[in-house]
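> Questions regarding the structure given below will be posed in turn.
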Amino acid sequence: MKLKIVSQIVLPATALLLATGCSTMSVSTLTTGQADSYAQHQEQNGLAVAIQPMTDKREINQLFKTDLLENGLFPILVVAENGGKDASFIIAKENVSVISQTNIATSTGHDKNLGSGASGAANATGIAAGAMILASPLLAAPLIIASAKLASDATVVQYNLADKELYSRTLGPGDKEQGFVFFQFQKKSPPAGDYHVVLKAKNASTGGITTYDFPITINLPK
Amino acid sequence: MKQLKLSQIAIAFVAVISFLTVGCTHMIRPPSQPFTAYVGQEKVPMKVGVNLTDDLRNAKSVYHSMGDTWVIPIGGSIATNAPVLAEQTFDGVVVMNNGVLPSGQQVDAILTPRVAYINRTVGATSFGDSIVDIKVEWTLADTSGNTIWVNTVDGQAKGSTGWTNPKTILKKAIENLLRNSQQELNSSPAIREFAKQRAH
């Protein structure tokens, strides 16, 4: 009798519970193509860089398991590939900025983090008027966690964000790096209009800076 | 007398509420001894200063869930492991405290570790996966502060939320991080190139 109860009620109920509401949120995989396969790409000195702003809510939800735009975060995918034979290039999220068209002429001259290590916490260029502020998913986590329905989901969402972020890396010949940079905006007045995504890469041996400038039009869904 | 009883009840009520809402703090401590089981590799011929900062030593993960707090004090472990890892990778190693070289010492470059990220996921049930993920940014700069090489290295390990000791998962994640770090440091063309230039 006991065995019958276990096999006919308890086991199916447990299986149903695990398969539906009580299963742990899965982590999505970020797959990227070669830099030159993106609409916005440039190649200089052997280093190819591509960017892809993400504004589609459904796509964002699918990849990050949360609505980043609703939380005031605008994700931009960066793909960098070193196709050269000798030089190594340093890529860092602190050296990616989003600047409005009207401020581009005055703001791109700043090279805050490139000279003495790329471990700065914030992008000073991004704080200039008309520019967007670089955000860390860790700092934005309380916003995201507050909107997650389960404690477990909150940890997985945070892990998922960190997993897909762009981190500092030196690209040797043949190396590729990809990841998202997240920019913070005021939910009441989301950015709209013409902007520039500016990325600066440093040649590891000569210290020379290569600037990549991508014009984009931002039109975030309301 | 009646007033005294009411105040006693109020105190007892506050005490019970506090007890129910404060919760516990759980420490998931990394191993106290450094990891040593590195794969033997050809060392980079230069002397580095391993710069251990207070920011690194104090790095930790703090996570609050349902009244409980989970703390992973990772910084001390990375600070203990960094010089051992550097000794596996470079010919000479000097430990620096907050950017200060010991007197009489000279180095070719300075290696600074920084905890960029640490997190522990928990499953929706005790059978669900728990992942510990640690990312450490290693910056190698010359003595003038110019970055020669920087990489953010990842270390992860997975177990069951309720059935694997969290310390075991953390230990595996740290070991994974250190093995990956050794590989990244050792295989970097930028570091080898810098060492070659220094030798000439």
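Residue names in the structure tokens use chain letters A, B, ... in the order shown, residue numbers from 1 in each chain, and ligand numbers from 1 in the order shown.
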Quick one: DSSP helix (DSSP H, G or I) residues in chain B, as number ranges by chain?

B: 2-22, 54-57, 75-89, 166-186, 189-199

> Determine, counting only C-alpha atoms, which protein, DNA and RNA residues have an atom within 12 Å of an atom of Glu42 (chain B); residues of the same chain fewer than 2 positions away are not included. Present the result as a list in words.

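What passes the distance filter is Val39, Gly40, Val44, Pro45, Glu87, Gln88, Thr89, Phe90, Asp91, Gln182, Gln183, Leu185, Asn186, Ser187 and Arg192 of chain B.
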
> Would you mind exporting N, CA and C atoms of the selected residues as a compact mmCIF listing (two decimals), in the first residue's frame?


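The file below, result.txt, is the result:
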# COMPACT_ATOMS: atom_id res chain seq x y z
N VAL B 39 51.02 22.26 -12.96
CA VAL B 39 51.74 21.48 -13.97
C VAL B 39 53.09 22.18 -14.21
N GLY B 40 54.17 21.41 -14.22
CA GLY B 40 55.49 22.00 -14.43
C GLY B 40 55.61 22.59 -15.84
N VAL B 44 59.07 31.94 -17.16
CA VAL B 44 59.37 33.17 -17.91
C VAL B 44 60.60 33.80 -17.24
N PRO B 45 61.66 34.10 -18.04
CA PRO B 45 62.91 34.58 -17.42
C PRO B 45 62.85 36.06 -17.01
N GLU B 87 55.56 32.06 -8.53
CA GLU B 87 56.81 31.28 -8.45
C GLU B 87 56.83 30.14 -9.48
N GLN B 88 55.65 29.64 -9.83
CA GLN B 88 55.54 28.58 -10.83
C GLN B 88 55.76 29.13 -12.24
N THR B 89 55.57 30.46 -12.38
CA THR B 89 55.54 31.06 -13.72
C THR B 89 56.80 31.86 -14.05
N PHE B 90 57.35 32.56 -13.03
CA PHE B 90 58.48 33.46 -13.28
C PHE B 90 59.73 32.99 -12.55
N ASP B 91 60.90 33.39 -13.08
CA ASP B 91 62.18 33.01 -12.48
C ASP B 91 62.36 33.56 -11.08
N GLN B 182 47.66 30.08 -14.43
CA GLN B 182 49.02 29.66 -14.79
C GLN B 182 49.14 29.49 -16.30
N GLN B 183 48.13 28.87 -16.89
CA GLN B 183 48.13 28.64 -18.34
C GLN B 183 48.16 29.97 -19.10
N LEU B 185 49.10 33.02 -18.03
CA LEU B 185 50.36 33.75 -17.82
C LEU B 185 51.49 33.14 -18.64
N ASN B 186 51.53 31.81 -18.63
CA ASN B 186 52.63 31.12 -19.28
C ASN B 186 52.58 31.16 -20.80
N SER B 187 51.37 31.24 -21.35
CA SER B 187 51.24 31.15 -22.81
C SER B 187 51.13 32.52 -23.47
N ARG B 192 56.10 37.07 -22.88
CA ARG B 192 57.35 36.49 -23.40
C ARG B 192 58.15 37.56 -24.16

> Would you pick out the contacts of Asp36 (chain A) at 12 Å or less, using only C-alpha atoms, so that residues sharing its chain but fewer than 2 positions from it are not included, and give the list as an NGL selection string?

:A and (32-34 or 38-43 or 47-52 or 78-83)

> Can I get the selected residues back with N, CA and C atoms, as a PDB file, in the first residue's frame?


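Result went into part_9.pdb, see below:
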ATOM      1  N   THR A  32      28.948  33.770 -30.575  1.00  0.00           N
ATOM      2  CA  THR A  32      29.200  34.928 -31.445  1.00  0.00           C
ATOM      3  C   THR A  32      29.890  34.468 -32.725  1.00  0.00           C
ATOM      4  N   GLY A  33      29.692  35.245 -33.781  1.00  0.00           N
ATOM      5  CA  GLY A  33      30.347  34.946 -35.050  1.00  0.00           C
ATOM      6  C   GLY A  33      31.685  35.660 -35.127  1.00  0.00           C
ATOM      7  N   GLN A  34      32.320  35.597 -36.277  1.00  0.00           N
ATOM      8  CA  GLN A  34      33.577  36.322 -36.473  1.00  0.00           C
ATOM      9  C   GLN A  34      33.274  37.809 -36.553  1.00  0.00           C
ATOM     10  N   TYR A  38      29.566  40.851 -38.541  1.00  0.00           N
ATOM     11  CA  TYR A  38      28.600  41.811 -37.976  1.00  0.00           C
ATOM     12  C   TYR A  38      28.509  43.048 -38.862  1.00  0.00           C
ATOM     13  N   ALA A  39      27.312  43.634 -38.871  1.00  0.00           N
ATOM     14  CA  ALA A  39      27.083  44.810 -39.714  1.00  0.00           C
ATOM     15  C   ALA A  39      28.031  45.950 -39.325  1.00  0.00           C
ATOM     16  N   GLN A  40      28.253  46.128 -38.046  1.00  0.00           N
ATOM     17  CA  GLN A  40      29.137  47.202 -37.559  1.00  0.00           C
ATOM     18  C   GLN A  40      30.495  46.603 -37.202  1.00  0.00           C
ATOM     19  N   HIS A  41      31.434  46.646 -38.117  1.00  0.00           N
ATOM     20  CA  HIS A  41      32.775  46.134 -37.791  1.00  0.00           C
ATOM     21  C   HIS A  41      33.843  46.979 -38.489  1.00  0.00           C
ATOM     22  N   GLN A  42      35.010  47.023 -37.871  1.00  0.00           N
ATOM     23  CA  GLN A  42      36.143  47.760 -38.437  1.00  0.00           C
ATOM     24  C   GLN A  42      37.414  46.964 -38.168  1.00  0.00           C
ATOM     25  N   GLU A  43      38.380  47.089 -39.056  1.00  0.00           N
ATOM     26  CA  GLU A  43      39.665  46.405 -38.869  1.00  0.00           C
ATOM     27  C   GLU A  43      40.802  47.415 -39.018  1.00  0.00           C
ATOM     28  N   LEU A  47      43.697  44.195 -35.955  1.00  0.00           N
ATOM     29  CA  LEU A  47      42.673  43.927 -34.934  1.00  0.00           C
ATOM     30  C   LEU A  47      41.295  44.307 -35.485  1.00  0.00           C
ATOM     31  N   ALA A  48      40.419  43.308 -35.587  1.00  0.00           N
ATOM     32  CA  ALA A  48      39.053  43.547 -36.059  1.00  0.00           C
ATOM     33  C   ALA A  48      38.119  43.664 -34.850  1.00  0.00           C
ATOM     34  N   VAL A  49      37.306  44.692 -34.852  1.00  0.00           N
ATOM     35  CA  VAL A  49      36.364  44.906 -33.734  1.00  0.00           C
ATOM     36  C   VAL A  49      34.957  45.075 -34.307  1.00  0.00           C
ATOM     37  N   ALA A  50      33.985  44.421 -33.673  1.00  0.00           N
ATOM     38  CA  ALA A  50      32.589  44.568 -34.085  1.00  0.00           C
ATOM     39  C   ALA A  50      31.752  44.905 -32.863  1.00  0.00           C
ATOM     40  N   ILE A  51      30.676  45.647 -33.081  1.00  0.00           N
ATOM     41  CA  ILE A  51      29.738  45.911 -31.977  1.00  0.00           C
ATOM     42  C   ILE A  51      28.324  45.615 -32.454  1.00  0.00           C
ATOM     43  N   GLN A  52      27.481  45.270 -31.504  1.00  0.00           N
ATOM     44  CA  GLN A  52      26.062  45.060 -31.827  1.00  0.00           C
ATOM     45  C   GLN A  52      25.201  45.488 -30.641  1.00  0.00           C
ATOM     46  N   VAL A  78      30.378  43.318 -27.822  1.00  0.00           N
ATOM     47  CA  VAL A  78      31.660  43.666 -28.448  1.00  0.00           C
ATOM     48  C   VAL A  78      32.374  42.367 -28.819  1.00  0.00           C
ATOM     49  N   VAL A  79      32.823  42.277 -30.053  1.00  0.00           N
ATOM     50  CA  VAL A  79      33.618  41.119 -30.495  1.00  0.00           C
ATOM     51  C   VAL A  79      34.936  41.666 -31.042  1.00  0.00           C
ATOM     52  N   ALA A  80      36.047  41.138 -30.557  1.00  0.00           N
ATOM     53  CA  ALA A  80      37.363  41.600 -31.031  1.00  0.00           C
ATOM     54  C   ALA A  80      38.212  40.396 -31.427  1.00  0.00           C
ATOM     55  N   GLU A  81      38.864  40.485 -32.559  1.00  0.00           N
ATOM     56  CA  GLU A  81      39.678  39.373 -33.066  1.00  0.00           C
ATOM     57  C   GLU A  81      41.017  39.892 -33.551  1.00  0.00           C
ATOM     58  N   ASN A  82      42.080  39.313 -33.025  1.00  0.00           N
ATOM     59  CA  ASN A  82      43.414  39.730 -33.459  1.00  0.00           C
ATOM     60  C   ASN A  82      43.872  38.826 -34.611  1.00  0.00           C
ATOM     61  N   GLY A  83      43.787  39.358 -35.813  1.00  0.00           N
ATOM     62  CA  GLY A  83      44.182  38.577 -36.986  1.00  0.00           C
ATOM     63  C   GLY A  83      45.625  38.832 -37.396  1.00  0.00           C
TER      64      GLY A  83
END

> To one decimal place in Å, what is the distance between CA of Gly75 (chain B) and CA of Phe64 (chain A)?

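Distance reported for this atom pair: 27.9 Å.
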
> Identify, on the basis of only C-alpha atoms, every residue whose closest approach to Phe89 (chain A) does not exceed 9 Å; exclude the query and any residue fewer than 3 positions from it along the same chain; express the result as a list in words.

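Neighbouring residues, sequence-local ones excluded: Leu47, Asn82, Arg169, Thr170, Leu171, Gly172, Pro173, Ala201, Lys202, Asn203, Ala204 and Ser205 of chain A; Trp149 and Ala190 of chain B.
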
> If we count only C-alpha atoms and set the cut-off at 12 Å, which residues sit around Asn160 (chain A), ignoring sequence neighbours fewer than 5 positions away in its own chain? Please answer as a PDB file with C-alpha atoms, in the first residue's frame.


ATOM      1  CA  MET A  25      16.790  28.557 -14.004  1.00  0.00           C
ATOM      2  CA  SER A  26      19.075  27.505 -16.855  1.00  0.00           C
ATOM      3  CA  VAL A  27      22.058  29.540 -18.051  1.00  0.00           C
ATOM      4  CA  SER A  28      21.991  30.594 -21.696  1.00  0.00           C
ATOM      5  CA  THR A  29      25.058  30.318 -23.913  1.00  0.00           C
ATOM      6  CA  LEU A  30      26.528  33.297 -25.738  1.00  0.00           C
ATOM      7  CA  ILE A  60      17.441  40.378 -24.159  1.00  0.00           C
ATOM      8  CA  ASN A  61      15.075  38.319 -22.013  1.00  0.00           C
ATOM      9  CA  GLN A  62      16.095  35.150 -23.786  1.00  0.00           C
ATOM     10  CA  LEU A  63      19.819  35.730 -23.309  1.00  0.00           C
ATOM     11  CA  PHE A  64      19.966  37.408 -19.888  1.00  0.00           C
ATOM     12  CA  LYS A  65      16.803  35.909 -18.312  1.00  0.00           C
ATOM     13  CA  THR A  66      15.748  39.385 -17.220  1.00  0.00           C
ATOM     14  CA  PRO A 137      26.175  44.024 -13.486  1.00  0.00           C
ATOM     15  CA  LEU A 138      27.412  43.587  -9.913  1.00  0.00           C
ATOM     16  CA  ALA A 141      22.441  43.422  -9.301  1.00  0.00           C
ATOM     17  CA  ILE A 144      17.757  42.867 -11.019  1.00  0.00           C
ATOM     18  CA  ASP A 153      16.743  32.816  -9.961  1.00  0.00           C
ATOM     19  CA  ALA A 154      18.471  35.934  -8.629  1.00  0.00           C
ATOM     20  CA  THR A 155      21.797  34.125  -8.229  1.00  0.00           C
ATOM     21  CA  GLU A 165      30.257  40.573 -19.628  1.00  0.00           C
ATOM     22  CA  GLY A 179      31.257  40.018 -24.243  1.00  0.00           C
ATOM     23  CA  PHE A 180      28.755  42.681 -23.342  1.00  0.00           C
TER      24      PHE A 180
ATOM     25  CA  ASN B 119      29.291  34.500  -7.038  1.00  0.00           C
ATOM     26  CA  ARG B 120      27.666  31.306  -5.810  1.00  0.00           C
ATOM     27  CA  THR B 121      24.427  30.270  -7.444  1.00  0.00           C
ATOM     28  CA  ILE B 131      27.958  26.981  -9.198  1.00  0.00           C
ATOM     29  CA  ASP B 133      32.324  31.323 -10.207  1.00  0.00           C
TER      30      ASP B 133
END

> Using only C-alpha atoms and a distance of at most 9 Å, pull out the residues of chain B that contact chain A, as a PyMOL selection string.

chain B and resi 63-66+114+116-125+128-129+131+133+137+139-141+144-153+188-190+193-194

> Write to file, as an mmCIF file, in the first residue's frame, the residues of the selection just made, with C-alpha atoms.


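selection_15.cif written:
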data_model
loop_
_atom_site.group_PDB
_atom_site.id
_atom_site.type_symbol
_atom_site.label_atom_id
_atom_site.label_comp_id
_atom_site.auth_asym_id
_atom_site.auth_seq_id
_atom_site.Cartn_x
_atom_site.Cartn_y
_atom_site.Cartn_z
ATOM 1 C CA TYR B 63 24.758 37.192 -0.421
ATOM 2 C CA HIS B 64 21.512 37.610 1.527
ATOM 3 C CA SER B 65 18.705 35.120 1.113
ATOM 4 C CA MET B 66 15.565 34.597 3.214
ATOM 5 C CA ARG B 114 42.170 41.859 -8.396
ATOM 6 C CA ALA B 116 36.719 41.084 -10.576
ATOM 7 C CA TYR B 117 33.767 38.865 -9.675
ATOM 8 C CA ILE B 118 32.669 36.115 -7.300
ATOM 9 C CA ASN B 119 29.291 34.500 -7.038
ATOM 10 C CA ARG B 120 27.666 31.306 -5.810
ATOM 11 C CA THR B 121 24.427 30.270 -7.444
ATOM 12 C CA VAL B 122 21.936 28.125 -5.566
ATOM 13 C CA GLY B 123 19.434 25.690 -7.023
ATOM 14 C CA ALA B 124 15.677 26.054 -6.638
ATOM 15 C CA THR B 125 15.750 22.757 -4.712
ATOM 16 C CA GLY B 128 19.650 21.771 -8.129
ATOM 17 C CA ASP B 129 23.136 22.804 -9.243
ATOM 18 C CA ILE B 131 27.958 26.981 -9.198
ATOM 19 C CA ASP B 133 32.324 31.323 -10.207
ATOM 20 C CA GLU B 137 41.960 40.178 -13.230
ATOM 21 C CA THR B 139 47.586 42.983 -14.540
ATOM 22 C CA LEU B 140 51.295 42.883 -15.375
ATOM 23 C CA ALA B 141 52.803 46.366 -15.640
ATOM 24 C CA SER B 144 56.657 52.842 -14.761
ATOM 25 C CA GLY B 145 53.076 51.578 -14.543
ATOM 26 C CA ASN B 146 52.523 50.825 -18.237
ATOM 27 C CA THR B 147 50.351 47.758 -18.715
ATOM 28 C CA ILE B 148 52.170 44.974 -20.549
ATOM 29 C CA TRP B 149 49.451 42.378 -20.201
ATOM 30 C CA VAL B 150 46.064 42.086 -18.515
ATOM 31 C CA ASN B 151 43.719 39.108 -18.458
ATOM 32 C CA THR B 152 40.599 38.293 -16.516
ATOM 33 C CA VAL B 153 40.751 34.593 -15.740
ATOM 34 C CA SER B 188 51.069 34.927 -23.283
ATOM 35 C CA PRO B 189 53.137 36.164 -26.256
ATOM 36 C CA ALA B 190 53.037 39.723 -24.794
ATOM 37 C CA GLU B 193 58.064 39.437 -25.728
ATOM 38 C CA PHE B 194 58.529 41.791 -22.762
#

> I'd like the contact shell of Val115 (chain B) - 10 Å cut-off, only C-alpha atoms, skipping same-chain residues fewer than 6 positions apart - returned as JSON, numbers by chain.

{"B": [55, 56, 57, 58, 59, 60, 74, 75, 78, 134, 135, 136, 137, 138, 152, 153]}

> Please write the residues from the selection above to a file, keeping C-alpha atoms, as a compact mmCIF listing (two decimals), in the first residue's frame.


# COMPACT_ATOMS: atom_id res chain seq x y z
CA ASP B 55 41.44 45.71 -1.69
CA LEU B 56 42.43 42.20 -2.71
CA ARG B 57 42.74 40.89 0.86
CA ASN B 58 39.30 42.29 1.76
CA ALA B 59 37.49 41.01 -1.34
CA LYS B 60 34.50 38.87 -0.46
CA ILE B 74 37.92 34.98 -1.16
CA GLY B 75 40.48 37.81 -1.04
CA ILE B 78 43.91 34.80 -3.67
CA ILE B 134 35.44 33.44 -9.54
CA LYS B 135 37.02 35.89 -11.97
CA VAL B 136 40.41 37.41 -11.17
CA GLU B 137 41.96 40.18 -13.23
CA TRP B 138 45.76 39.84 -13.42
CA THR B 152 40.60 38.29 -16.52
CA VAL B 153 40.75 34.59 -15.74

> Which is closer to Gly84 (chain A) than all the others in A:Gln44, A:Gly72, A:Gln178, A:Val96, using only C-alpha atoms?

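Using only C-alpha atoms, Gly84 (chain A) sits closest to A:Gln44.
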
> Mind checking which residues fall within 10 Å of Ile174 (chain B), counting only C-alpha atoms, ignoring those fewer than 6 positions away in the same chain, and posting them as a count of residues only?

17

> What is the CA of Ile110 (chain B)-CA of Asp142 (chain B) distance in Å, reported with one decimal?

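Here the two named atoms are 6.2 Å from each other.
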
> Once DSSP has gone over the backbone, tell me which residues of region 15-129 of chain B are in strand (DSSP E), as number ranges by chain.

B: 25-27, 44-52, 61-65, 68-72, 90-97, 109-120, 129

> Report the distance between CA of Ile28 (chain B) and CA of Asn98 (chain B) in Å, rounded to one decimal place.

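Straight-line distance from CA of Ile28 (chain B) to CA of Asn98 (chain B) works out to 26.1 Å.
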
> Let me make sure I understand: among B:Gly159, B:Gly49, B:Gly67, B:Pro73, which one has the smallest atom-to-atom distance to Leu101 (chain B) if we use only C-alpha atoms?

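Among B:Gly159, B:Gly49, B:Gly67, B:Pro73, it is B:Gly49 that comes nearest to Leu101 (chain B).
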